[in-house]
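Chemist: I have a structure I would like to understand better, so I am pasting it below and will then ask my questions one at a time.
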Amino acid sequence: MAASGAYAAGSPAVPDWLNKGDNAWQLTAATLVGIQSMPGLVVLYGSIVKKKWAVNSAFMALYAYASSLLVWVLVGFRMAFGERLLPFWGKAGVALSQGYLVGRASLSATAHGETPRTEPFYPEATLVMFQFEFAAITLVLLAGSVLGRMNIKAWMAFTPLWLIFSYTVGAFSLWGGGFLYHWGVIDYSGGYVIHLSSGVAGFTAAYWVGPRLKSDRERFSPNNILLMIAGGGLLWMGWAGFNGGAPYAANITASIAVLNTNVSAATSLLTWTCLDVIFFNKPSVIGAVQGMMTGLVCITPGAGLVQTWAAVIIGIFAGSVPWFTMMVLHKKSALLMRVDDTLAVFHTHAVAGLLGGLLTGLLATPELMRMESPVPGLRGAFYGGGIGQLGKQLAGAAFVVAWNVVVTSLILLAIGLVVPLRMPDEELMIGDDAAHGEEAYALWGDGEKFDATRHDTARVGGGIEREGSVEQRLAGMGARGVTIQL
């Protein structure tokens with residue numbers, strides 16, 4: 001009975017500005033977005049790759065999630081949502097003290113002219129946690145481009161640097177009160193901040209890290225399609241928090257966003273599957289998951305801003321345009337063929353995110369925009385916004401693309417001066433055991449263990465010299481009766 005008094009209105013834990021429903025929904029939404037990464041993408045990555053890369057792929061996602069949280073509370077959150085330092089960046093600061101976290105959430109830089117300051121009806125701690133989940137999943141998505149060859153030590157150095165110097169810039173510019181926010185570029189829940197940036201940065205990283213082994217590029221079958229579907233399912237269901245939490249309140253916009261998100265995902269999945277049947281004569285399960293993904297990504301920039309019939313249209317475009325860029329354009333482009341984007345993050349996130357941003361610039365309704373955006377007068381081109389709104393969407397995308405290409409390149413080039421970005425070929429032949437000394441399916445796996453004296457180096461006359469080429473080592477293993485399954 002004593003505990004019930006702690007929740008009474010007017011108690012220290014329930015100040016006058018706190019809305020319990022908004023706070024409960026925002027924490028729930030944060031948890032749903034977190035489930036998308038942990039375990040959603042961890043499971044999806046660990047199962048959609050070749051068996052020898054299951055552990056490494058899942059761990060890259062796990063590490064990105066964990067490392068992002070500490071960076072976020074130490075400097076990242078306030079760089080993305082704090083006081084204005086530059087038109088595209090907030091002032092760095094910690095988000096750890098009681099005095100800061102128990103006060104009412106406030107995005108100070110959003111106040112400008114006729115635009116009021118955004119102040120949700122819950123504590124800053126709730127906003128810190130919710131926005132962390134967005135930052136973390138962006139890095140986890142980026143990882144999909146470099147699976148199967150990136151040096152894990154280089155990845156460990158890359159994640160905090162990219163979060164600080166790239167993600168916070170996009171988040172502040174479009175959400176935290178930066179120049180794109182006040183100019184009127186529309187990005188409801190991360191089509192640009194999360195998906196376009198992760199797709200472009202991932203593609204850039206794949207270029208600098210280099211490709212997988214030729215054998216891995218030619219055949220990279222999932223080791224467990226059922227688990228891949230389960231991971232994809234967690235991603236789909238978790239998107240209710242992704243787009244439903246974007247209004248910062250349990251309001252009408254959240255309801256519209258959740259419905260539109262599911263409608264677009266289903267439409268895109270069916271569109272992609274139908275195209276597979278028409279052109280390849282059979283439905284692909286991997287393709288269905290990719291179609292689901294592009295539908296979720298494409299609706300994200302306008303989930304709470306468009307009517308549900310528009311969500312169907314967006315889903316059709318989401319299931320067809322990225323399908324075309326992946327299945328047709330990719331094979332005709334020398335650049336796309338050259339860069340080894342392991343999970344096609346460029347197509348499923350960069351292309352779909354850009355497409356969603358442009359469609360939102362066309363289809364966002366003035367009524368829903370008034371409910372959601374504090375920036376006055378925003379609306380899609382089809383509702384009187386004119387070609388100017390579409391131009392703003394294109395300009396915002398151009399800034400995100402340019403910043404991510406330049407900053408991602410600089411970060412990787414700097415890391416490459418300290419540690420190699422790519423694992424050596426002899427370790428790439430082995431996979432998880434070379435990278436971690438562990439295997440995903442040890443009970444029925446290859447049984448081949450990484451041994452530096454056998455696979456990497458051999459002592460000769462007190463010194464260390466290479467054992468020979470990969471072909472020579474494989475021949476030696478075969479002579480010893482070791483079966484190599486790649």
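In the structure tokens, chains take letters A, B, ... by order of appearance, with residues numbered from 1 within each chain and ligands from 1 in the order shown.
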May I have the residues within 8 Å of segment 211-223 of chain A as an MDAnalysis selection string, using only C-alpha atoms and disregarding those fewer than 4 positions away in the same chain?

Modeler: chainID A and resid 47:51 54 148:149 206:207 228 339:340 425 428:429 486

Chemist: Would you mind exporting N, CA and C atoms of the selected residues as an mmCIF file, in the first residue's frame?

Modeler:
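In the end it all went to result25.cif:
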```
data_model
loop_
_atom_site.group_PDB
_atom_site.id
_atom_site.type_symbol
_atom_site.label_atom_id
_atom_site.label_comp_id
_atom_site.auth_asym_id
_atom_site.auth_seq_id
_atom_site.Cartn_x
_atom_site.Cartn_y
_atom_site.Cartn_z
ATOM 1 N N SER A 47 22.536 -15.329 -39.066
ATOM 2 C CA SER A 47 21.930 -16.417 -39.831
ATOM 3 C C SER A 47 21.915 -16.182 -41.333
ATOM 4 N N ILE A 48 21.980 -14.919 -41.772
ATOM 5 C CA ILE A 48 21.890 -14.640 -43.205
ATOM 6 C C ILE A 48 23.240 -14.793 -43.898
ATOM 7 N N VAL A 49 24.319 -14.921 -43.126
ATOM 8 C CA VAL A 49 25.656 -15.049 -43.708
ATOM 9 C C VAL A 49 26.071 -16.509 -43.795
ATOM 10 N N LYS A 50 27.170 -16.744 -44.476
ATOM 11 C CA LYS A 50 27.775 -18.066 -44.560
ATOM 12 C C LYS A 50 28.115 -18.585 -43.164
ATOM 13 N N LYS A 51 28.055 -19.880 -42.996
ATOM 14 C CA LYS A 51 28.233 -20.476 -41.675
ATOM 15 C C LYS A 51 29.524 -20.045 -40.991
ATOM 16 N N ALA A 54 29.108 -16.620 -39.049
ATOM 17 C CA ALA A 54 27.942 -16.390 -38.194
ATOM 18 C C ALA A 54 28.309 -15.659 -36.901
ATOM 19 N N GLY A 148 31.947 -10.206 -43.141
ATOM 20 C CA GLY A 148 32.686 -11.239 -43.851
ATOM 21 C C GLY A 148 34.089 -10.866 -44.264
ATOM 22 N N ARG A 149 34.627 -9.748 -43.762
ATOM 23 C CA ARG A 149 36.036 -9.447 -44.033
ATOM 24 C C ARG A 149 36.626 -8.315 -43.219
ATOM 25 N N ALA A 206 32.580 -0.178 -47.341
ATOM 26 C CA ALA A 206 32.854 -1.384 -48.132
ATOM 27 C C ALA A 206 33.921 -1.112 -49.190
ATOM 28 N N TYR A 207 33.900 0.090 -49.744
ATOM 29 C CA TYR A 207 34.917 0.451 -50.740
ATOM 30 C C TYR A 207 36.311 0.468 -50.113
ATOM 31 N N MET A 228 16.847 -16.410 -39.938
ATOM 32 C CA MET A 228 16.871 -15.138 -40.663
ATOM 33 C C MET A 228 15.473 -14.523 -40.681
ATOM 34 N N VAL A 339 32.263 -2.512 -55.702
ATOM 35 C CA VAL A 339 32.180 -2.405 -54.243
ATOM 36 C C VAL A 339 31.395 -3.592 -53.695
ATOM 37 N N ASP A 340 31.966 -4.283 -52.737
ATOM 38 C CA ASP A 340 31.356 -5.480 -52.155
ATOM 39 C C ASP A 340 30.526 -5.110 -50.928
ATOM 40 N N ASP A 425 43.949 -12.648 -46.080
ATOM 41 C CA ASP A 425 43.255 -13.701 -46.823
ATOM 42 C C ASP A 425 43.283 -15.046 -46.108
ATOM 43 N N LEU A 428 40.613 -15.002 -43.647
ATOM 44 C CA LEU A 428 39.307 -14.983 -44.300
ATOM 45 C C LEU A 428 38.903 -16.369 -44.789
ATOM 46 N N MET A 429 39.876 -17.201 -45.099
ATOM 47 C CA MET A 429 39.558 -18.573 -45.502
ATOM 48 C C MET A 429 38.904 -19.347 -44.363
ATOM 49 N N LEU A 486 33.813 -24.365 -47.304
ATOM 50 C CA LEU A 486 33.693 -22.922 -47.371
ATOM 51 C C LEU A 486 32.272 -22.506 -47.736
#
```

Chemist: Among segment 295-468 of chain A, which ones does DSSP place in strand (DSSP E or B), written as a ChimeraX atom specification?

Modeler: /A:422,457-460,463-466

Chemist: Include C-alpha atoms and write out the residues we just selected as a tab-separated table (two decimals), in the first residue's frame.

Modeler:
```tsv
chain	number	residue	atom	x	y	z
A	422	ARG	CA	40.58	-5.96	-43.76
A	457	THR	CA	53.34	-18.73	-39.48
A	458	ALA	CA	56.01	-21.31	-38.83
A	459	ARG	CA	59.23	-20.83	-36.86
A	460	VAL	CA	62.34	-21.36	-38.91
A	463	GLY	CA	62.61	-16.40	-36.81
A	464	ILE	CA	59.09	-16.19	-38.15
A	465	GLU	CA	58.31	-16.64	-41.83
A	466	ARG	CA	55.15	-17.27	-43.80
```

Chemist: Using only C-alpha atoms for the distances, tell me which of A:Ala201, A:Ile411, A:Met150, A:Leu368 is nearest to Trp53 of chain A.

Modeler: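 Under the stated criterion, the closest residue is A:Met150.
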
Chemist: Between A:Leu412, A:Val71, A:Met292, A:Met371, which has the minimum distance to His349 of chain A (counting only C-alpha atoms)?

Modeler: A:Met292

Chemist: What is the distance, in Å and to one decimal place, between atom CA of Tyr383 of chain A and atom CA of Gly304 of chain A?

Modeler: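 Interatomic distance here is 15.8 Å.
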
Chemist: Excluding Trp89 of chain A and residues on its chain fewer than 4 positions from it, collect all residues at most 9 Å away from it, counting only C-alpha atoms, and give them as a PyMOL selection string.

Modeler: chain A and resi 79-85+168-173+176+178

Chemist: For the residues selected in the previous step, produce a file with N, CA and C atoms as a PDB file, in the first residue's frame.

Modeler:
```
ATOM      1  N   MET A  79      25.428  16.376 -28.456  1.00  0.00           N
ATOM      2  CA  MET A  79      25.888  16.833 -29.763  1.00  0.00           C
ATOM      3  C   MET A  79      24.764  16.751 -30.788  1.00  0.00           C
ATOM      4  N   ALA A  80      23.839  15.812 -30.587  1.00  0.00           N
ATOM      5  CA  ALA A  80      22.734  15.617 -31.521  1.00  0.00           C
ATOM      6  C   ALA A  80      21.477  16.381 -31.125  1.00  0.00           C
ATOM      7  N   PHE A  81      21.259  16.597 -29.814  1.00  0.00           N
ATOM      8  CA  PHE A  81      20.002  17.186 -29.359  1.00  0.00           C
ATOM      9  C   PHE A  81      20.194  18.270 -28.299  1.00  0.00           C
ATOM     10  N   GLY A  82      21.396  18.772 -28.174  1.00  0.00           N
ATOM     11  CA  GLY A  82      21.657  19.795 -27.165  1.00  0.00           C
ATOM     12  C   GLY A  82      21.634  21.202 -27.723  1.00  0.00           C
ATOM     13  N   GLU A  83      22.336  22.093 -27.076  1.00  0.00           N
ATOM     14  CA  GLU A  83      22.390  23.488 -27.510  1.00  0.00           C
ATOM     15  C   GLU A  83      23.202  23.619 -28.795  1.00  0.00           C
ATOM     16  N   ARG A  84      22.850  24.584 -29.592  1.00  0.00           N
ATOM     17  CA  ARG A  84      23.465  24.796 -30.900  1.00  0.00           C
ATOM     18  C   ARG A  84      24.920  25.250 -30.765  1.00  0.00           C
ATOM     19  N   LEU A  85      25.817  24.579 -31.450  1.00  0.00           N
ATOM     20  CA  LEU A  85      27.221  24.988 -31.559  1.00  0.00           C
ATOM     21  C   LEU A  85      27.492  25.535 -32.957  1.00  0.00           C
ATOM     22  N   THR A 168      25.830  12.187 -35.245  1.00  0.00           N
ATOM     23  CA  THR A 168      25.343  13.339 -34.485  1.00  0.00           C
ATOM     24  C   THR A 168      25.095  14.548 -35.378  1.00  0.00           C
ATOM     25  N   VAL A 169      25.848  14.657 -36.455  1.00  0.00           N
ATOM     26  CA  VAL A 169      25.665  15.776 -37.389  1.00  0.00           C
ATOM     27  C   VAL A 169      24.321  15.659 -38.105  1.00  0.00           C
ATOM     28  N   GLY A 170      24.017  14.467 -38.625  1.00  0.00           N
ATOM     29  CA  GLY A 170      22.736  14.268 -39.295  1.00  0.00           C
ATOM     30  C   GLY A 170      21.568  14.434 -38.342  1.00  0.00           C
ATOM     31  N   ALA A 171      21.703  13.901 -37.135  1.00  0.00           N
ATOM     32  CA  ALA A 171      20.615  13.971 -36.162  1.00  0.00           C
ATOM     33  C   ALA A 171      20.345  15.415 -35.747  1.00  0.00           C
ATOM     34  N   PHE A 172      21.389  16.192 -35.487  1.00  0.00           N
ATOM     35  CA  PHE A 172      21.174  17.584 -35.092  1.00  0.00           C
ATOM     36  C   PHE A 172      20.613  18.402 -36.250  1.00  0.00           C
ATOM     37  N   SER A 173      21.165  18.190 -37.432  1.00  0.00           N
ATOM     38  CA  SER A 173      20.748  18.987 -38.584  1.00  0.00           C
ATOM     39  C   SER A 173      19.273  18.800 -38.905  1.00  0.00           C
ATOM     40  N   GLY A 176      17.456  17.872 -34.302  1.00  0.00           N
ATOM     41  CA  GLY A 176      17.810  18.568 -33.068  1.00  0.00           C
ATOM     42  C   GLY A 176      17.690  20.070 -33.115  1.00  0.00           C
ATOM     43  N   GLY A 178      18.905  21.872 -36.121  1.00  0.00           N
ATOM     44  CA  GLY A 178      19.908  22.378 -37.046  1.00  0.00           C
ATOM     45  C   GLY A 178      19.300  23.050 -38.265  1.00  0.00           C
TER      46      GLY A 178
END
```

Chemist: For Leu336 of chain A, list every protein, DNA or RNA residue within 10 Å, evaluated using only C-alpha atoms, and leave out those in the same chain fewer than 5 positions away; present the list as a count of residues only.

Modeler: 10

Chemist: Quick one: residues within 10 Å of segment 140-146 of chain A, only C-alpha atoms, excluding same-chain residues fewer than 4 positions away - as an mmCIF file with N, CA and C atoms, in the first residue's frame?

Modeler:
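Full text of out39.cif as output:
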```cif
data_model
loop_
_atom_site.group_PDB
_atom_site.id
_atom_site.type_symbol
_atom_site.label_atom_id
_atom_site.label_comp_id
_atom_site.auth_asym_id
_atom_site.auth_seq_id
_atom_site.Cartn_x
_atom_site.Cartn_y
_atom_site.Cartn_z
ATOM 1 N N GLN A 36 14.882 -4.439 -32.051
ATOM 2 C CA GLN A 36 15.266 -4.537 -33.457
ATOM 3 C C GLN A 36 16.760 -4.854 -33.599
ATOM 4 N N SER A 37 17.574 -4.241 -32.751
ATOM 5 C CA SER A 37 19.016 -4.503 -32.799
ATOM 6 C C SER A 37 19.375 -5.740 -31.994
ATOM 7 N N MET A 38 18.884 -5.784 -30.751
ATOM 8 C CA MET A 38 19.188 -6.858 -29.806
ATOM 9 C C MET A 38 17.889 -7.512 -29.344
ATOM 10 N N LEU A 41 18.601 -7.752 -35.280
ATOM 11 C CA LEU A 41 19.651 -7.756 -36.293
ATOM 12 C C LEU A 41 20.816 -8.661 -35.925
ATOM 13 N N VAL A 42 21.034 -8.884 -34.635
ATOM 14 C CA VAL A 42 22.060 -9.847 -34.236
ATOM 15 C C VAL A 42 21.701 -11.231 -34.767
ATOM 16 N N TYR A 45 21.766 -11.116 -38.782
ATOM 17 C CA TYR A 45 23.127 -11.129 -39.322
ATOM 18 C C TYR A 45 23.804 -12.479 -39.109
ATOM 19 N N VAL A 49 24.319 -14.921 -43.126
ATOM 20 C CA VAL A 49 25.656 -15.049 -43.708
ATOM 21 C C VAL A 49 26.071 -16.509 -43.795
ATOM 22 N N SER A 57 29.677 -11.930 -37.565
ATOM 23 C CA SER A 57 28.627 -11.012 -38.009
ATOM 24 C C SER A 57 27.726 -10.610 -36.851
ATOM 25 N N ALA A 58 27.314 -11.598 -36.051
ATOM 26 C CA ALA A 58 26.474 -11.297 -34.898
ATOM 27 C C ALA A 58 27.221 -10.428 -33.883
ATOM 28 N N MET A 60 29.656 -8.252 -34.456
ATOM 29 C CA MET A 60 29.812 -6.878 -34.924
ATOM 30 C C MET A 60 28.583 -6.046 -34.570
ATOM 31 N N ALA A 61 27.403 -6.655 -34.699
ATOM 32 C CA ALA A 61 26.175 -5.964 -34.315
ATOM 33 C C ALA A 61 26.110 -5.767 -32.803
ATOM 34 N N LEU A 62 26.452 -6.789 -32.050
ATOM 35 C CA LEU A 62 26.431 -6.715 -30.592
ATOM 36 C C LEU A 62 27.384 -5.647 -30.079
ATOM 37 N N TYR A 63 28.596 -5.612 -30.631
ATOM 38 C CA TYR A 63 29.584 -4.632 -30.180
ATOM 39 C C TYR A 63 29.138 -3.217 -30.520
ATOM 40 N N ALA A 64 28.617 -3.017 -31.714
ATOM 41 C CA ALA A 64 28.172 -1.682 -32.113
ATOM 42 C C ALA A 64 27.098 -1.161 -31.165
ATOM 43 N N TYR A 65 26.190 -2.033 -30.772
ATOM 44 C CA TYR A 65 25.108 -1.636 -29.875
ATOM 45 C C TYR A 65 25.657 -1.213 -28.509
ATOM 46 N N SER A 68 27.972 2.002 -28.567
ATOM 47 C CA SER A 68 27.240 3.240 -28.855
ATOM 48 C C SER A 68 26.653 3.865 -27.597
ATOM 49 N N ALA A 135 20.443 5.763 -32.637
ATOM 50 C CA ALA A 135 21.863 5.878 -32.968
ATOM 51 C C ALA A 135 22.503 4.500 -33.099
ATOM 52 N N ALA A 136 22.159 3.604 -32.178
ATOM 53 C CA ALA A 136 22.770 2.277 -32.185
ATOM 54 C C ALA A 136 22.376 1.482 -33.421
ATOM 55 N N MET A 150 35.835 -7.446 -42.576
ATOM 56 C CA MET A 150 36.433 -6.322 -41.860
ATOM 57 C C MET A 150 37.134 -6.784 -40.594
ATOM 58 N N ASN A 151 38.320 -6.266 -40.383
ATOM 59 C CA ASN A 151 39.089 -6.557 -39.177
ATOM 60 C C ASN A 151 38.283 -6.097 -37.964
ATOM 61 N N TRP A 155 36.842 -2.355 -36.675
ATOM 62 C CA TRP A 155 35.426 -2.076 -36.406
ATOM 63 C C TRP A 155 35.242 -1.514 -35.001
ATOM 64 N N THR A 159 33.325 2.362 -34.709
ATOM 65 C CA THR A 159 31.965 2.648 -34.236
ATOM 66 C C THR A 159 31.863 3.929 -33.392
ATOM 67 N N ILE A 194 18.963 8.012 -40.414
ATOM 68 C CA ILE A 194 19.353 6.633 -40.126
ATOM 69 C C ILE A 194 19.637 5.836 -41.399
ATOM 70 N N HIS A 195 18.682 5.770 -42.300
ATOM 71 C CA HIS A 195 18.788 4.822 -43.412
ATOM 72 C C HIS A 195 19.651 5.323 -44.561
ATOM 73 N N SER A 197 21.960 7.582 -44.328
ATOM 74 C CA SER A 197 23.326 7.709 -43.809
ATOM 75 C C SER A 197 23.987 6.347 -43.644
ATOM 76 N N SER A 198 23.274 5.352 -43.101
ATOM 77 C CA SER A 198 23.878 4.028 -42.926
ATOM 78 C C SER A 198 24.161 3.366 -44.265
ATOM 79 N N GLY A 199 23.259 3.551 -45.253
ATOM 80 C CA GLY A 199 23.484 2.955 -46.562
ATOM 81 C C GLY A 199 24.663 3.569 -47.289
ATOM 82 N N VAL A 200 24.772 4.891 -47.254
ATOM 83 C CA VAL A 200 25.881 5.576 -47.925
ATOM 84 C C VAL A 200 27.196 5.322 -47.194
ATOM 85 N N ALA A 201 27.175 5.426 -45.862
ATOM 86 C CA ALA A 201 28.395 5.172 -45.090
ATOM 87 C C ALA A 201 28.836 3.722 -45.217
ATOM 88 N N GLY A 202 27.868 2.793 -45.234
ATOM 89 C CA GLY A 202 28.207 1.385 -45.402
ATOM 90 C C GLY A 202 28.847 1.115 -46.748
ATOM 91 N N PHE A 203 28.299 1.704 -47.796
ATOM 92 C CA PHE A 203 28.855 1.533 -49.138
ATOM 93 C C PHE A 203 30.262 2.124 -49.205
ATOM 94 N N THR A 204 30.448 3.285 -48.595
ATOM 95 C CA THR A 204 31.765 3.917 -48.553
ATOM 96 C C THR A 204 32.763 3.052 -47.786
ATOM 97 N N ALA A 205 32.312 2.524 -46.653
ATOM 98 C CA ALA A 205 33.183 1.656 -45.855
ATOM 99 C C ALA A 205 33.552 0.392 -46.626
ATOM 100 N N ALA A 206 32.580 -0.178 -47.341
ATOM 101 C CA ALA A 206 32.854 -1.384 -48.132
ATOM 102 C C ALA A 206 33.921 -1.112 -49.190
ATOM 103 N N TYR A 207 33.900 0.090 -49.744
ATOM 104 C CA TYR A 207 34.917 0.451 -50.740
ATOM 105 C C TYR A 207 36.311 0.468 -50.113
ATOM 106 N N TRP A 208 36.444 1.114 -48.954
ATOM 107 C CA TRP A 208 37.761 1.264 -48.348
ATOM 108 C C TRP A 208 38.257 -0.031 -47.706
ATOM 109 N N VAL A 209 37.362 -0.814 -47.143
ATOM 110 C CA VAL A 209 37.777 -2.073 -46.506
ATOM 111 C C VAL A 209 38.202 -3.089 -47.555
ATOM 112 N N GLY A 210 37.548 -3.080 -48.697
ATOM 113 C CA GLY A 210 37.866 -4.043 -49.741
ATOM 114 C C GLY A 210 36.889 -5.203 -49.741
ATOM 115 N N PRO A 211 36.954 -6.052 -50.754
ATOM 116 C CA PRO A 211 35.959 -7.119 -50.918
ATOM 117 C C PRO A 211 36.254 -8.356 -50.084
ATOM 118 N N ARG A 212 35.253 -9.214 -50.004
ATOM 119 C CA ARG A 212 35.440 -10.546 -49.431
ATOM 120 C C ARG A 212 36.289 -11.401 -50.376
ATOM 121 N N VAL A 339 32.263 -2.512 -55.702
ATOM 122 C CA VAL A 339 32.180 -2.405 -54.243
ATOM 123 C C VAL A 339 31.395 -3.592 -53.695
ATOM 124 N N ASP A 340 31.966 -4.283 -52.737
ATOM 125 C CA ASP A 340 31.356 -5.480 -52.155
ATOM 126 C C ASP A 340 30.526 -5.110 -50.928
ATOM 127 N N ASP A 341 29.277 -4.755 -51.175
ATOM 128 C CA ASP A 341 28.321 -4.418 -50.119
ATOM 129 C C ASP A 341 27.622 -5.718 -49.717
ATOM 130 N N THR A 342 28.082 -6.350 -48.644
ATOM 131 C CA THR A 342 27.710 -7.727 -48.328
ATOM 132 C C THR A 342 26.208 -7.962 -48.334
ATOM 133 N N LEU A 343 25.448 -7.178 -47.585
ATOM 134 C CA LEU A 343 24.008 -7.387 -47.473
ATOM 135 C C LEU A 343 23.203 -6.383 -48.284
ATOM 136 N N ALA A 344 23.838 -5.751 -49.272
ATOM 137 C CA ALA A 344 23.151 -4.799 -50.152
ATOM 138 C C ALA A 344 22.481 -3.683 -49.365
ATOM 139 N N VAL A 345 23.175 -3.170 -48.339
ATOM 140 C CA VAL A 345 22.622 -2.105 -47.509
ATOM 141 C C VAL A 345 22.395 -0.837 -48.337
ATOM 142 N N PHE A 346 23.210 -0.634 -49.356
ATOM 143 C CA PHE A 346 23.025 0.543 -50.204
ATOM 144 C C PHE A 346 21.634 0.530 -50.843
ATOM 145 N N HIS A 349 18.653 0.360 -47.889
ATOM 146 C CA HIS A 349 18.556 1.493 -46.967
ATOM 147 C C HIS A 349 18.822 2.843 -47.628
ATOM 148 N N ARG A 422 41.065 -4.661 -43.274
ATOM 149 C CA ARG A 422 40.583 -5.960 -43.755
ATOM 150 C C ARG A 422 41.421 -7.087 -43.158
#
```

Chemist: Find the residues near segment 386-397 of chain A: any atom within 8 Å, counting only C-alpha atoms, skip ones fewer than 5 places away on the same chain, and give them as a list in words.

Modeler: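 Everything that qualifies: Leu180, Trp183, Gly184, Val185, Ile186, Tyr192, Leu196, Leu354, Gly357, Leu358, Gly361, Leu362, Arg379, Gly380 and Ala381 of chain A.
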
Chemist: Generate the output file for the selected residues, N, CA, C and O atoms, as a PDB file, in the first residue's frame.

Modeler:
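Printed below is result_3.pdb as written:
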```pdb
ATOM      1  N   LEU A 180      18.802  22.199 -41.410  1.00  0.00           N
ATOM      2  CA  LEU A 180      17.833  21.484 -42.245  1.00  0.00           C
ATOM      3  C   LEU A 180      16.471  21.400 -41.562  1.00  0.00           C
ATOM      4  O   LEU A 180      15.425  21.453 -42.227  1.00  0.00           O
ATOM      5  N   TRP A 183      14.908  24.836 -41.964  1.00  0.00           N
ATOM      6  CA  TRP A 183      14.656  25.109 -43.372  1.00  0.00           C
ATOM      7  C   TRP A 183      13.401  24.392 -43.864  1.00  0.00           C
ATOM      8  O   TRP A 183      12.770  24.803 -44.831  1.00  0.00           O
ATOM      9  N   GLY A 184      13.039  23.296 -43.171  1.00  0.00           N
ATOM     10  CA  GLY A 184      11.820  22.599 -43.517  1.00  0.00           C
ATOM     11  C   GLY A 184      12.011  21.290 -44.245  1.00  0.00           C
ATOM     12  O   GLY A 184      11.071  20.786 -44.875  1.00  0.00           O
ATOM     13  N   VAL A 185      13.205  20.687 -44.169  1.00  0.00           N
ATOM     14  CA  VAL A 185      13.394  19.343 -44.723  1.00  0.00           C
ATOM     15  C   VAL A 185      12.662  18.349 -43.822  1.00  0.00           C
ATOM     16  O   VAL A 185      12.817  18.371 -42.607  1.00  0.00           O
ATOM     17  N   ILE A 186      11.857  17.491 -44.423  1.00  0.00           N
ATOM     18  CA  ILE A 186      11.020  16.570 -43.658  1.00  0.00           C
ATOM     19  C   ILE A 186      11.707  15.216 -43.527  1.00  0.00           C
ATOM     20  O   ILE A 186      12.060  14.584 -44.524  1.00  0.00           O
ATOM     21  N   TYR A 192      16.454   9.758 -43.639  1.00  0.00           N
ATOM     22  CA  TYR A 192      17.749  10.346 -43.953  1.00  0.00           C
ATOM     23  C   TYR A 192      18.752  10.136 -42.821  1.00  0.00           C
ATOM     24  O   TYR A 192      19.876   9.691 -43.047  1.00  0.00           O
ATOM     25  N   LEU A 196      19.453   6.546 -44.993  1.00  0.00           N
ATOM     26  CA  LEU A 196      20.319   7.074 -46.046  1.00  0.00           C
ATOM     27  C   LEU A 196      21.763   7.155 -45.566  1.00  0.00           C
ATOM     28  O   LEU A 196      22.694   6.798 -46.292  1.00  0.00           O
ATOM     29  N   LEU A 354      16.213   7.350 -49.466  1.00  0.00           N
ATOM     30  CA  LEU A 354      16.112   8.509 -50.354  1.00  0.00           C
ATOM     31  C   LEU A 354      14.749   8.539 -51.040  1.00  0.00           C
ATOM     32  O   LEU A 354      14.099   9.598 -51.114  1.00  0.00           O
ATOM     33  N   GLY A 357      12.108   9.709 -48.655  1.00  0.00           N
ATOM     34  CA  GLY A 357      12.185  11.139 -48.403  1.00  0.00           C
ATOM     35  C   GLY A 357      11.563  11.949 -49.519  1.00  0.00           C
ATOM     36  O   GLY A 357      10.861  12.943 -49.273  1.00  0.00           O
ATOM     37  N   LEU A 358      11.790  11.533 -50.756  1.00  0.00           N
ATOM     38  CA  LEU A 358      11.218  12.238 -51.900  1.00  0.00           C
ATOM     39  C   LEU A 358       9.703  12.042 -51.971  1.00  0.00           C
ATOM     40  O   LEU A 358       8.959  12.996 -52.246  1.00  0.00           O
ATOM     41  N   GLY A 361       8.057  14.200 -49.522  1.00  0.00           N
ATOM     42  CA  GLY A 361       7.990  15.566 -50.025  1.00  0.00           C
ATOM     43  C   GLY A 361       6.838  15.787 -50.982  1.00  0.00           C
ATOM     44  O   GLY A 361       6.401  16.932 -51.177  1.00  0.00           O
ATOM     45  N   LEU A 362       6.328  14.718 -51.566  1.00  0.00           N
ATOM     46  CA  LEU A 362       5.174  14.809 -52.447  1.00  0.00           C
ATOM     47  C   LEU A 362       3.857  14.593 -51.720  1.00  0.00           C
ATOM     48  O   LEU A 362       2.856  15.255 -52.003  1.00  0.00           O
ATOM     49  N   ARG A 379       4.176  21.065 -45.989  1.00  0.00           N
ATOM     50  CA  ARG A 379       3.224  20.174 -46.665  1.00  0.00           C
ATOM     51  C   ARG A 379       3.889  19.632 -47.921  1.00  0.00           C
ATOM     52  O   ARG A 379       4.839  20.218 -48.443  1.00  0.00           O
ATOM     53  N   GLY A 380       3.371  18.498 -48.394  1.00  0.00           N
ATOM     54  CA  GLY A 380       3.914  17.908 -49.597  1.00  0.00           C
ATOM     55  C   GLY A 380       3.557  18.690 -50.842  1.00  0.00           C
ATOM     56  O   GLY A 380       2.631  19.518 -50.847  1.00  0.00           O
ATOM     57  N   ALA A 381       4.288  18.424 -51.924  1.00  0.00           N
ATOM     58  CA  ALA A 381       4.069  19.148 -53.175  1.00  0.00           C
ATOM     59  C   ALA A 381       2.654  18.950 -53.705  1.00  0.00           C
ATOM     60  O   ALA A 381       2.080  19.860 -54.306  1.00  0.00           O
TER      61      ALA A 381
END
```

Chemist: Hey, can you check how far atom CA of Ser67 of chain A sits from atom CA of Pro39 of chain A?

Modeler: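 Those two atoms sit 15.7 Å apart.
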
Chemist: Compile the contact shell of segment 231-239 of chain A as a PyMOL selection string: residues with an atom at most 10 Å away, counting only C-alpha atoms, same-chain residues fewer than 3 positions apart removed.

Modeler: chain A and resi 29-48+225-228+242-245+257-258+261-262+265-266+286+288-290+292-293+295-297+300
